[in-house]
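So this block is model37.txt, compact mmCIF, C-alpha atoms:
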```txt
# COMPACT_ATOMS: atom_id res chain seq x y z
CA MET G 1 69.23 67.64 120.46
CA ASP G 2 72.15 69.65 119.22
CA LYS G 3 71.50 73.00 117.56
CA GLN G 4 74.04 74.27 115.04
CA THR G 5 74.09 77.74 113.54
CA VAL G 6 74.81 77.59 109.82
CA GLY G 7 74.09 80.96 108.17
CA LYS G 8 74.60 79.72 104.62
CA ARG G 9 73.04 81.52 101.66
CA ILE G 10 71.03 78.99 99.72
CA LEU G 11 71.34 80.37 96.22
CA SER G 12 74.98 81.40 96.67
CA ALA G 13 76.14 79.29 93.70
CA ASN G 14 73.99 81.43 91.39
CA GLU G 15 75.14 84.62 93.13
CA GLN G 16 78.81 83.71 92.58
CA PHE G 17 78.27 83.30 88.85
CA ALA G 18 76.31 86.56 88.81
CA GLN G 19 79.27 88.30 90.46
CA ALA G 20 81.64 86.84 87.85
CA ASN G 21 79.31 88.05 85.07
CA ALA G 22 79.16 91.54 86.56
CA GLU G 23 82.98 91.67 86.69
CA LEU G 24 83.31 90.46 83.09
CA LEU G 25 80.80 93.07 81.92
CA ALA G 26 82.53 95.82 83.91
CA ALA G 27 85.90 94.85 82.42
CA HIS G 28 84.40 95.56 78.98
CA ASN G 29 82.62 98.69 80.23
CA LEU G 30 79.27 97.17 79.27
CA VAL G 31 75.80 97.96 80.55
CA CYS G 32 73.67 94.83 80.94
CA LEU G 33 69.87 94.77 81.18
CA ASN G 34 67.83 91.76 82.30
CA MET G 35 64.47 92.01 80.51
CA ILE G 36 61.57 90.21 82.18
CA SER G 37 57.90 89.80 81.25
CA SER G 38 55.10 87.31 80.68
CA PRO G 39 55.23 85.29 77.46
CA GLY G 40 53.77 87.25 74.56
CA SER G 41 54.31 90.77 75.88
CA GLY G 42 56.34 91.57 72.77
CA LYS G 43 59.90 91.53 74.18
CA THR G 44 61.54 90.19 71.03
CA THR G 45 59.68 92.57 68.70
CA LEU G 46 60.61 95.43 71.04
CA LEU G 47 64.26 94.38 71.08
CA ALA G 48 64.50 93.89 67.32
CA ARG G 49 63.01 97.34 66.67
CA THR G 50 65.24 98.94 69.32
CA ILE G 51 68.38 97.44 67.78
CA THR G 52 67.37 98.50 64.27
CA ASP G 53 66.39 102.05 65.25
CA LEU G 54 69.56 102.56 67.33
CA LYS G 55 71.93 101.27 64.65
CA GLY G 56 74.95 103.56 64.57
CA ARG G 57 74.07 104.95 68.02
CA LEU G 58 74.29 101.89 70.28
CA ARG G 59 75.81 98.46 69.66
CA ILE G 60 73.65 95.88 71.42
CA GLY G 61 74.31 92.16 71.88
CA VAL G 62 71.48 89.88 72.97
CA ILE G 63 71.13 86.73 75.06
CA GLU G 64 67.81 84.99 74.48
CA GLY G 65 66.25 82.60 76.99
CA ASP G 66 63.44 80.21 76.08
CA LEU G 67 62.38 76.72 77.09
CA ARG G 68 62.78 75.46 73.53
CA THR G 69 63.90 76.62 70.04
CA ASP G 70 66.25 79.36 68.85
CA LEU G 71 63.46 81.25 67.07
CA ASP G 72 64.08 84.44 69.06
CA ALA G 73 67.84 84.47 68.45
CA GLN G 74 67.11 84.09 64.73
CA ARG G 75 64.80 87.13 64.85
CA ILE G 76 67.52 89.18 66.57
CA ARG G 77 70.24 88.02 64.14
CA ALA G 78 68.02 89.19 61.27
CA THR G 79 68.79 92.74 62.53
CA GLN G 80 72.55 91.97 62.16
CA ALA G 81 73.05 92.11 65.94
CA PRO G 82 74.93 89.25 67.65
CA ALA G 83 72.59 86.95 69.57
CA VAL G 84 73.10 83.79 71.63
CA GLN G 85 70.19 81.51 72.42
CA ILE G 86 69.93 79.63 75.72
CA GLU G 87 67.44 76.77 75.65
CA THR G 88 66.55 76.09 79.28
CA LYS G 89 64.89 72.77 78.37
CA GLY G 90 62.02 73.35 80.77
CA SER G 91 63.55 75.58 83.46
CA CYS G 92 61.38 78.62 84.14
CA HIS G 93 64.19 81.21 84.48
CA LEU G 94 67.75 81.85 83.32
CA SER G 95 70.56 81.12 85.77
CA ALA G 96 73.73 83.17 86.10
CA GLU G 97 75.76 80.12 85.07
CA GLN G 98 73.86 79.83 81.77
CA VAL G 99 74.39 83.54 81.13
CA HIS G 100 78.10 83.13 81.91
CA GLY G 101 78.39 80.59 79.10
CA ALA G 102 76.45 82.81 76.69
CA LEU G 103 78.56 85.92 77.46
CA GLY G 104 81.60 83.94 76.34
CA GLN G 105 80.01 83.60 72.90
CA LEU G 106 79.28 87.32 72.37
CA PRO G 107 81.84 89.73 70.85
CA LEU G 108 81.95 91.80 74.07
CA ALA G 109 84.75 94.09 72.87
CA ASP G 110 82.54 95.31 70.00
CA LEU G 111 79.46 96.13 72.10
CA ASP G 112 78.07 98.96 74.25
CA MET G 113 75.31 96.96 75.88
CA VAL G 114 74.09 93.41 76.47
CA ILE G 115 70.35 92.80 76.82
CA ILE G 116 69.23 89.48 78.27
CA GLU G 117 65.72 88.48 77.27
CA ASN G 118 64.74 86.19 80.13
CA VAL G 119 62.30 83.28 79.90
CA GLY G 120 58.72 84.59 79.65
CA ASN G 121 57.60 84.51 83.29
CA LEU G 122 56.80 87.33 85.74
CA VAL G 123 57.61 85.27 88.84
CA CYS G 124 60.79 83.14 88.96
CA PRO G 125 63.22 85.31 86.95
CA ALA G 126 62.73 88.11 89.49
CA SER G 127 64.54 86.04 92.14
CA PHE G 128 67.67 85.05 90.19
CA VAL G 129 70.34 87.69 89.67
CA LEU G 130 72.39 87.28 86.51
CA GLY G 131 75.04 89.99 86.97
CA GLU G 132 72.92 92.65 85.25
CA SER G 133 73.24 96.41 85.78
CA ALA G 134 69.45 96.67 85.99
CA LYS G 135 66.24 94.77 85.43
CA ILE G 136 63.53 96.04 83.11
CA VAL G 137 59.99 94.74 83.07
CA VAL G 138 57.69 94.72 80.04
CA LEU G 139 53.92 94.65 80.45
CA SER G 140 51.61 94.62 77.43
CA VAL G 141 48.21 96.23 77.77
CA ALA G 142 46.41 93.00 76.81
CA GLU G 143 47.63 91.42 80.08
CA GLY G 144 45.60 93.83 82.21
CA ASP G 145 46.40 96.73 84.52
CA ASP G 146 46.42 94.67 87.74
CA LYS G 147 49.82 93.02 87.20
CA PRO G 148 51.98 95.28 89.44
CA ALA G 149 49.57 94.59 92.31
CA LYS G 150 49.51 90.84 91.63
CA TYR G 151 53.22 90.29 90.90
CA PRO G 152 54.96 92.90 93.06
CA SER G 153 58.49 91.38 93.16
CA ILE G 154 59.52 92.17 89.61
CA PHE G 155 58.04 95.69 89.65
CA ALA G 156 59.77 96.44 92.97
CA ARG G 157 63.12 95.41 91.51
CA SER G 158 63.05 96.95 88.03
CA ALA G 159 64.63 100.22 86.97
CA ALA G 160 62.18 100.67 84.10
CA LEU G 161 58.70 99.52 83.13
CA LEU G 162 57.81 99.40 79.44
CA ILE G 163 54.06 99.35 78.85
CA ASN G 164 53.93 97.79 75.37
CA LYS G 165 51.23 97.54 72.68
CA ILE G 166 49.60 100.86 73.57
CA ASP G 167 48.33 100.96 69.96
CA LEU G 168 45.80 98.34 71.12
CA LEU G 169 44.27 100.82 73.59
CA ALA G 170 42.36 102.27 70.66
CA ALA G 171 40.86 98.82 69.97
CA GLU G 172 37.40 98.11 71.22
CA GLY G 173 37.33 96.18 74.48
CA LEU G 174 40.80 97.22 75.61
CA ALA G 175 39.96 100.77 76.51
CA ASP G 176 39.52 99.61 80.13
CA PHE G 177 43.29 99.20 80.59
CA ASP G 178 44.05 101.94 83.10
CA THR G 179 47.60 103.22 82.52
CA ASP G 180 47.30 105.46 85.58
CA ARG G 181 46.52 102.47 87.77
CA VAL G 182 49.68 100.75 86.53
CA ARG G 183 51.68 103.91 87.22
CA THR G 184 50.27 104.26 90.73
CA ASP G 185 50.71 100.60 91.68
CA ALA G 186 54.22 100.30 90.22
CA SER G 187 55.44 103.58 91.73
CA ARG G 188 54.07 102.55 95.11
CA LEU G 189 56.36 99.50 95.02
CA ASN G 190 59.27 101.36 93.52
CA ARG G 191 59.56 105.15 93.71
CA SER G 192 62.35 105.33 91.17
CA ILE G 193 60.88 103.13 88.44
CA GLU G 194 60.82 104.90 85.05
CA ILE G 195 57.69 104.18 83.02
CA PHE G 196 57.55 104.22 79.22
CA PRO G 197 54.20 103.61 77.49
CA LEU G 198 55.04 102.61 73.92
CA SER G 199 54.24 100.46 70.94
CA ALA G 200 57.03 98.46 69.33
CA ARG G 201 54.74 97.91 66.36
CA THR G 202 53.86 101.53 65.53
CA GLY G 203 56.94 103.15 67.10
CA GLN G 204 54.85 105.41 69.35
CA GLY G 205 56.74 106.34 72.56
CA MET G 206 59.95 104.58 71.54
CA GLU G 207 62.13 107.73 71.51
CA SER G 208 61.93 108.24 75.30
CA TRP G 209 62.95 104.62 75.82
CA TYR G 210 65.89 105.07 73.43
CA ASP G 211 67.03 108.20 75.28
CA TRP G 212 66.89 106.31 78.57
CA LEU G 213 68.97 103.47 77.09
CA ALA G 214 71.54 105.87 75.63
CA ALA G 215 71.81 107.73 78.94
CA ARG G 216 72.63 104.49 80.77
CA VAL G 217 75.57 103.88 78.44
CA ARG G 218 76.91 107.41 78.81
CA SER G 219 76.66 107.48 82.60
CA MET Y 1 59.99 81.44 93.05
CA HIS Y 2 61.40 78.16 91.87
CA GLU Y 3 61.01 76.02 94.99
CA THR Y 4 62.38 72.81 93.44
CA MET Y 5 65.74 74.47 92.82
CA VAL Y 6 65.72 75.94 96.32
CA ALA Y 7 64.87 72.51 97.77
CA GLN Y 8 67.78 70.90 95.92
CA SER Y 9 70.31 73.56 97.08
CA LEU Y 10 68.94 73.39 100.60
CA PHE Y 11 69.18 69.60 100.61
CA GLU Y 12 72.83 69.73 99.50
CA ALA Y 13 73.66 72.32 102.17
CA ILE Y 14 72.02 70.33 104.97
CA LEU Y 15 73.64 67.11 103.75
CA ALA Y 16 77.07 68.77 103.86
CA GLU Y 17 76.45 69.91 107.45
CA ALA Y 18 75.22 66.43 108.44
CA ASP Y 19 78.44 64.93 107.07
CA LYS Y 20 80.47 67.45 109.01
CA HIS Y 21 78.70 66.75 112.30
CA HIS Y 22 78.25 62.98 111.76
CA ALA Y 23 74.66 63.31 112.96
CA ARG Y 24 71.14 63.02 111.61
CA PRO Y 25 69.44 66.40 111.05
CA VAL Y 26 65.89 66.53 112.40
CA SER Y 27 64.91 70.11 111.70
CA ALA Y 28 66.17 73.19 109.90
CA ARG Y 29 65.26 76.87 109.97
CA LEU Y 30 65.36 79.02 106.86
CA THR Y 31 64.84 82.78 106.55
CA CYS Y 32 63.92 84.67 103.40
CA GLY Y 33 62.77 88.07 102.30
CA GLN Y 34 59.21 88.86 101.40
CA LEU Y 35 59.96 89.56 97.75
CA ASN Y 36 61.57 86.15 97.31
CA SER Y 37 58.21 84.81 98.44
CA VAL Y 38 59.11 81.16 98.84
CA ASN Y 39 55.89 79.21 99.12
CA GLU Y 40 56.26 77.16 102.30
CA ASP Y 41 53.95 74.30 101.31
CA VAL Y 42 55.59 73.89 97.93
CA LEU Y 43 59.10 73.98 99.41
CA VAL Y 44 58.23 71.42 102.10
CA PHE Y 45 56.75 69.12 99.45
CA ALA Y 46 59.78 69.53 97.14
CA PHE Y 47 62.22 68.99 100.00
CA ALA Y 48 60.48 65.77 101.01
CA ALA Y 49 60.79 64.56 97.42
CA VAL Y 50 64.50 65.35 96.99
CA SER Y 51 65.48 64.06 100.46
CA ARG Y 52 63.67 60.71 100.26
CA GLY Y 53 65.92 57.80 101.20
CA SER Y 54 68.63 60.11 102.59
CA VAL Y 55 69.65 61.01 106.14
CA CYS Y 56 67.45 64.12 105.73
CA GLU Y 57 64.23 62.15 105.16
CA GLY Y 58 61.53 63.31 107.54
CA LEU Y 59 63.33 66.54 108.43
CA THR Y 60 61.05 69.38 109.59
CA LEU Y 61 61.51 72.66 107.75
CA GLU Y 62 60.69 75.98 109.35
CA ILE Y 63 60.54 78.97 106.99
CA VAL Y 64 60.59 82.44 108.52
CA GLN Y 65 59.58 85.27 106.16
CA LYS Y 66 61.47 88.46 106.95
CA PRO Y 67 59.49 91.67 106.54
CA LEU Y 68 60.27 94.05 103.73
CA ALA Y 69 61.94 97.24 104.91
CA ALA Y 70 62.14 100.70 103.39
CA HIS Y 71 63.86 103.99 104.12
CA CYS Y 72 61.55 106.98 104.39
CA THR Y 73 62.98 110.04 102.65
CA ASP Y 74 60.50 112.33 104.43
CA CYS Y 75 61.59 111.54 108.00
CA ASP Y 76 64.89 109.75 107.26
CA ARG Y 77 63.95 106.57 109.16
CA ASP Y 78 63.59 102.90 108.24
CA PHE Y 79 60.26 101.12 108.57
CA ARG Y 80 58.53 97.82 107.73
CA VAL Y 81 56.54 98.04 104.53
CA ASP Y 82 53.05 96.70 104.18
CA LEU Y 83 52.61 96.31 100.42
CA GLU Y 84 48.85 96.78 100.81
CA GLN Y 85 49.30 100.12 102.59
CA PRO Y 86 52.74 101.36 101.59
CA ARG Y 87 53.40 104.38 103.79
CA CYS Y 88 55.92 105.22 106.49
CA SER Y 89 54.86 103.86 109.88
CA HIS Y 90 56.60 106.81 111.62
CA CYS Y 91 55.41 109.86 109.68
CA GLY Y 92 52.84 108.46 107.24
CA GLY Y 93 54.91 109.70 104.30
CA ARG Y 94 54.75 108.08 100.89
CA HIS Y 95 58.27 108.91 99.75
CA PHE Y 96 60.54 105.97 100.35
CA THR Y 97 62.95 103.55 98.75
CA LEU Y 98 62.78 99.82 99.35
CA LEU Y 99 65.80 98.34 101.14
CA PRO Y 100 67.38 95.19 99.71
CA ASP Y 101 65.26 92.12 100.27
CA PRO Y 102 66.94 89.62 102.66
CA PRO Y 103 68.34 86.61 100.76
CA LEU Y 104 67.44 82.98 101.41
CA VAL Y 105 69.56 81.78 104.32
CA LEU Y 106 69.81 78.41 106.03
CA GLU Y 107 70.11 79.72 109.59
CA GLU Y 108 70.14 76.72 111.86
CA ILE Y 109 69.99 72.92 111.91
CA GLU Y 110 69.00 70.74 114.80
CA PHE Y 111 70.76 67.35 114.96
CA GLU Y 112 69.81 64.19 116.79
CA THR Y 113 72.13 63.36 119.68
CA GLU Y 114 72.95 59.86 120.78
```
Could the structure of this file be written out as structure tokens, please?
Amino acid sequence: MDKQTVGKRILSANEQFAQANAELLAAHNLVCLNMISSPGSGKTTLLARTITDLKGRLRIGVIEGDLRTDLDAQRIRATQAPAVQIETKGSCHLSAEQVHGALGQLPLADLDMVIIENVGNLVCPASFVLGESAKIVVLSVAEGDDKPAKYPSIFARSAALLINKIDLLAAEGLADFDTDRVRTDASRLNRSIEIFPLSARTGQGMESWYDWLAARVRS
Amino acid sequence: MHETMVAQSLFEAILAEADKHHARPVSARLTCGQLNSVNEDVLVFAFAAVSRGSVCEGLTLEIVQKPLAAHCTDCDRDFRVDLEQPRCSHCGGRHFTLLPDPPLVLEEIEFETE
């Protein structure tokens, strides 16, 4: 038998595209956030409200990832923000190459920030870098307070955690969602994670999130 | 993680090495970080599927999970993190930052010799 040392990174093709994306974004002085969550956590509603409320303060372009349809891009375009839809046709995460193509379709010179709404999935998207400045994870209270413990990768790698739909905590049967448990478990994995409990529907808690976003652009 | 995509990339990498060495690969060793959490059974199954009928058919995959490391800001030392009990193994402190998770790397291939 003949042993050969190889030392080759397996996902290097994705990493090279991610590097190219990061350089393109830096050339336009753009902050880029990779938003990850389960399906149905309210990412698109959250984004649409954020764009509308920050109009005149922050110019945001959006890349939407879904298995099928351009429904989400349509919802973002209804806010007048530029949006590009990527249909992954079954793939469970966005790749840096797909994002590279989508960045070419956004008016980068007219933006302050690009937000990528990844395919709804707490697992696979955590492992594929896209060239983003930071990842953010969205968790809605209906999903349960055990998610940071069960899906540690994404919470360990995110700069911010948005706990969405807190208006539902007042509803009967959901009062057992323990926000403190989420805080403890997420902070244990990631000391620097910033946590924003909010409701994209009622607007509660959104101001702190907006201040955080604005500060990332200024810095 | 998406093991099918990993299996395909891995297959292409091993195939390229086999071409270079003009030999049949019989085993390969892969390392990855804990947060990438490649499921070994799923990857082995996916690799067998993508390599069927090729020079890599029947190859044995060994996957070594590298521990997650962190830097303790209380005692200024690095330590291995146990996600169940995340505290510094030197001083017991709870103030730390996770170090970058090791990427997926094809470390070594063993080839058949004539």
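Closest to chain Y among G:Leu24, G:Ala175, G:Ala214, G:Ala149 is G:Ala149, based on all atoms listed in the file.
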With the cut-off set at 10 Å and counting only C-alpha atoms, tabulate each residue of chain G with an atom at most that distance from an atom of chain Y, showing the nearest atom pair and its distance in Å to one decimal, ordered by chain and increasing number, as JSON lines.
```
{"residue": "G:Met1", "atom": "CA", "partner": "Y:Glu112", "partner_atom": "CA", "distance": 5.1}
{"residue": "G:Asp2", "atom": "CA", "partner": "Y:Phe111", "partner_atom": "CA", "distance": 5.0}
{"residue": "G:Lys3", "atom": "CA", "partner": "Y:Glu110", "partner_atom": "CA", "distance": 4.4}
{"residue": "G:Gln4", "atom": "CA", "partner": "Y:Ile109", "partner_atom": "CA", "distance": 5.3}
{"residue": "G:Thr5", "atom": "CA", "partner": "Y:Glu108", "partner_atom": "CA", "distance": 4.4}
{"residue": "G:Val6", "atom": "CA", "partner": "Y:Glu107", "partner_atom": "CA", "distance": 5.2}
{"residue": "G:Gly7", "atom": "CA", "partner": "Y:Glu107", "partner_atom": "CA", "distance": 4.4}
{"residue": "G:Lys8", "atom": "CA", "partner": "Y:Leu106", "partner_atom": "CA", "distance": 5.2}
{"residue": "G:Arg9", "atom": "CA", "partner": "Y:Val105", "partner_atom": "CA", "distance": 4.4}
{"residue": "G:Ile10", "atom": "CA", "partner": "Y:Val105", "partner_atom": "CA", "distance": 5.6}
{"residue": "G:Leu11", "atom": "CA", "partner": "Y:Ser9", "partner_atom": "CA", "distance": 6.9}
{"residue": "G:Ser12", "atom": "CA", "partner": "Y:Leu104", "partner_atom": "CA", "distance": 9.0}
{"residue": "G:Ala13", "atom": "CA", "partner": "Y:Ser9", "partner_atom": "CA", "distance": 8.8}
{"residue": "G:Ser91", "atom": "CA", "partner": "Y:His2", "partner_atom": "CA", "distance": 9.1}
{"residue": "G:Cys92", "atom": "CA", "partner": "Y:His2", "partner_atom": "CA", "distance": 7.7}
{"residue": "G:His93", "atom": "CA", "partner": "Y:His2", "partner_atom": "CA", "distance": 8.5}
{"residue": "G:Leu122", "atom": "CA", "partner": "Y:Met1", "partner_atom": "CA", "distance": 9.9}
{"residue": "G:Val123", "atom": "CA", "partner": "Y:Met1", "partner_atom": "CA", "distance": 6.2}
{"residue": "G:Cys124", "atom": "CA", "partner": "Y:Met1", "partner_atom": "CA", "distance": 4.5}
{"residue": "G:Pro125", "atom": "CA", "partner": "Y:Met1", "partner_atom": "CA", "distance": 7.9}
{"residue": "G:Ala126", "atom": "CA", "partner": "Y:Met1", "partner_atom": "CA", "distance": 8.0}
{"residue": "G:Ser127", "atom": "CA", "partner": "Y:Asn36", "partner_atom": "CA", "distance": 6.0}
{"residue": "G:Phe128", "atom": "CA", "partner": "Y:Met1", "partner_atom": "CA", "distance": 9.0}
{"residue": "G:Ala149", "atom": "CA", "partner": "Y:Glu84", "partner_atom": "CA", "distance": 8.8}
{"residue": "G:Tyr151", "atom": "CA", "partner": "Y:Leu35", "partner_atom": "CA", "distance": 9.6}
{"residue": "G:Pro152", "atom": "CA", "partner": "Y:Leu35", "partner_atom": "CA", "distance": 7.6}
{"residue": "G:Ser153", "atom": "CA", "partner": "Y:Leu35", "partner_atom": "CA", "distance": 5.2}
{"residue": "G:Ile154", "atom": "CA", "partner": "Y:Leu35", "partner_atom": "CA", "distance": 8.6}
{"residue": "G:Ala156", "atom": "CA", "partner": "Y:Leu98", "partner_atom": "CA", "distance": 7.8}
{"residue": "G:Arg157", "atom": "CA", "partner": "Y:Leu98", "partner_atom": "CA", "distance": 9.0}
{"residue": "G:Asp185", "atom": "CA", "partner": "Y:Leu83", "partner_atom": "CA", "distance": 9.9}
{"residue": "G:Arg188", "atom": "CA", "partner": "Y:Pro86", "partner_atom": "CA", "distance": 6.7}
{"residue": "G:Leu189", "atom": "CA", "partner": "Y:Leu83", "partner_atom": "CA", "distance": 7.3}
{"residue": "G:Asn190", "atom": "CA", "partner": "Y:Thr97", "partner_atom": "CA", "distance": 6.8}
{"residue": "G:Arg191", "atom": "CA", "partner": "Y:Thr97", "partner_atom": "CA", "distance": 6.3}
{"residue": "G:Ser192", "atom": "CA", "partner": "Y:Thr97", "partner_atom": "CA", "distance": 7.8}
```
Given only C-alpha atoms as the counted atoms, nearest of Y:Ala69, Y:Val55, Y:Leu61, Y:Ala46 to Ser89 of chain Y: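 Smallest distance to Ser89 of chain Y is found for Y:Ala69.
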Between atom CA of Val138 of chain G and atom CA of Ala20 of chain G - distance in Å to one decimal: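 Atom CA of Val138 of chain G lies at a distance of 26.4 Å from atom CA of Ala20 of chain G.
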Show me, as a ChimeraX atom specification, the residues that have an atom within 8 Å of Glu117 of chain G when counting all atoms listed in the file, minus same-chain residues fewer than 4 positions from it. /G:34-36,43-44,62-65
Selected residue of minimal separation from Gly42 of chain G among G:Ile195, G:Asp167, G:Arg183, G:Leu139, counting all atoms listed in the file: G:Leu139
Show which residues sit within 9 Å of Glu97 of chain G, as an MDAnalysis selection string. Count all atoms listed in the file, and ignore same-chain residues fewer than 4 positions away. chainID G and resid 13:14 16:18 21 101:102 130
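Across the model, the gap from atom CA of Glu194 of chain G to atom CA of Ala160 of chain G is 4.5 Å.
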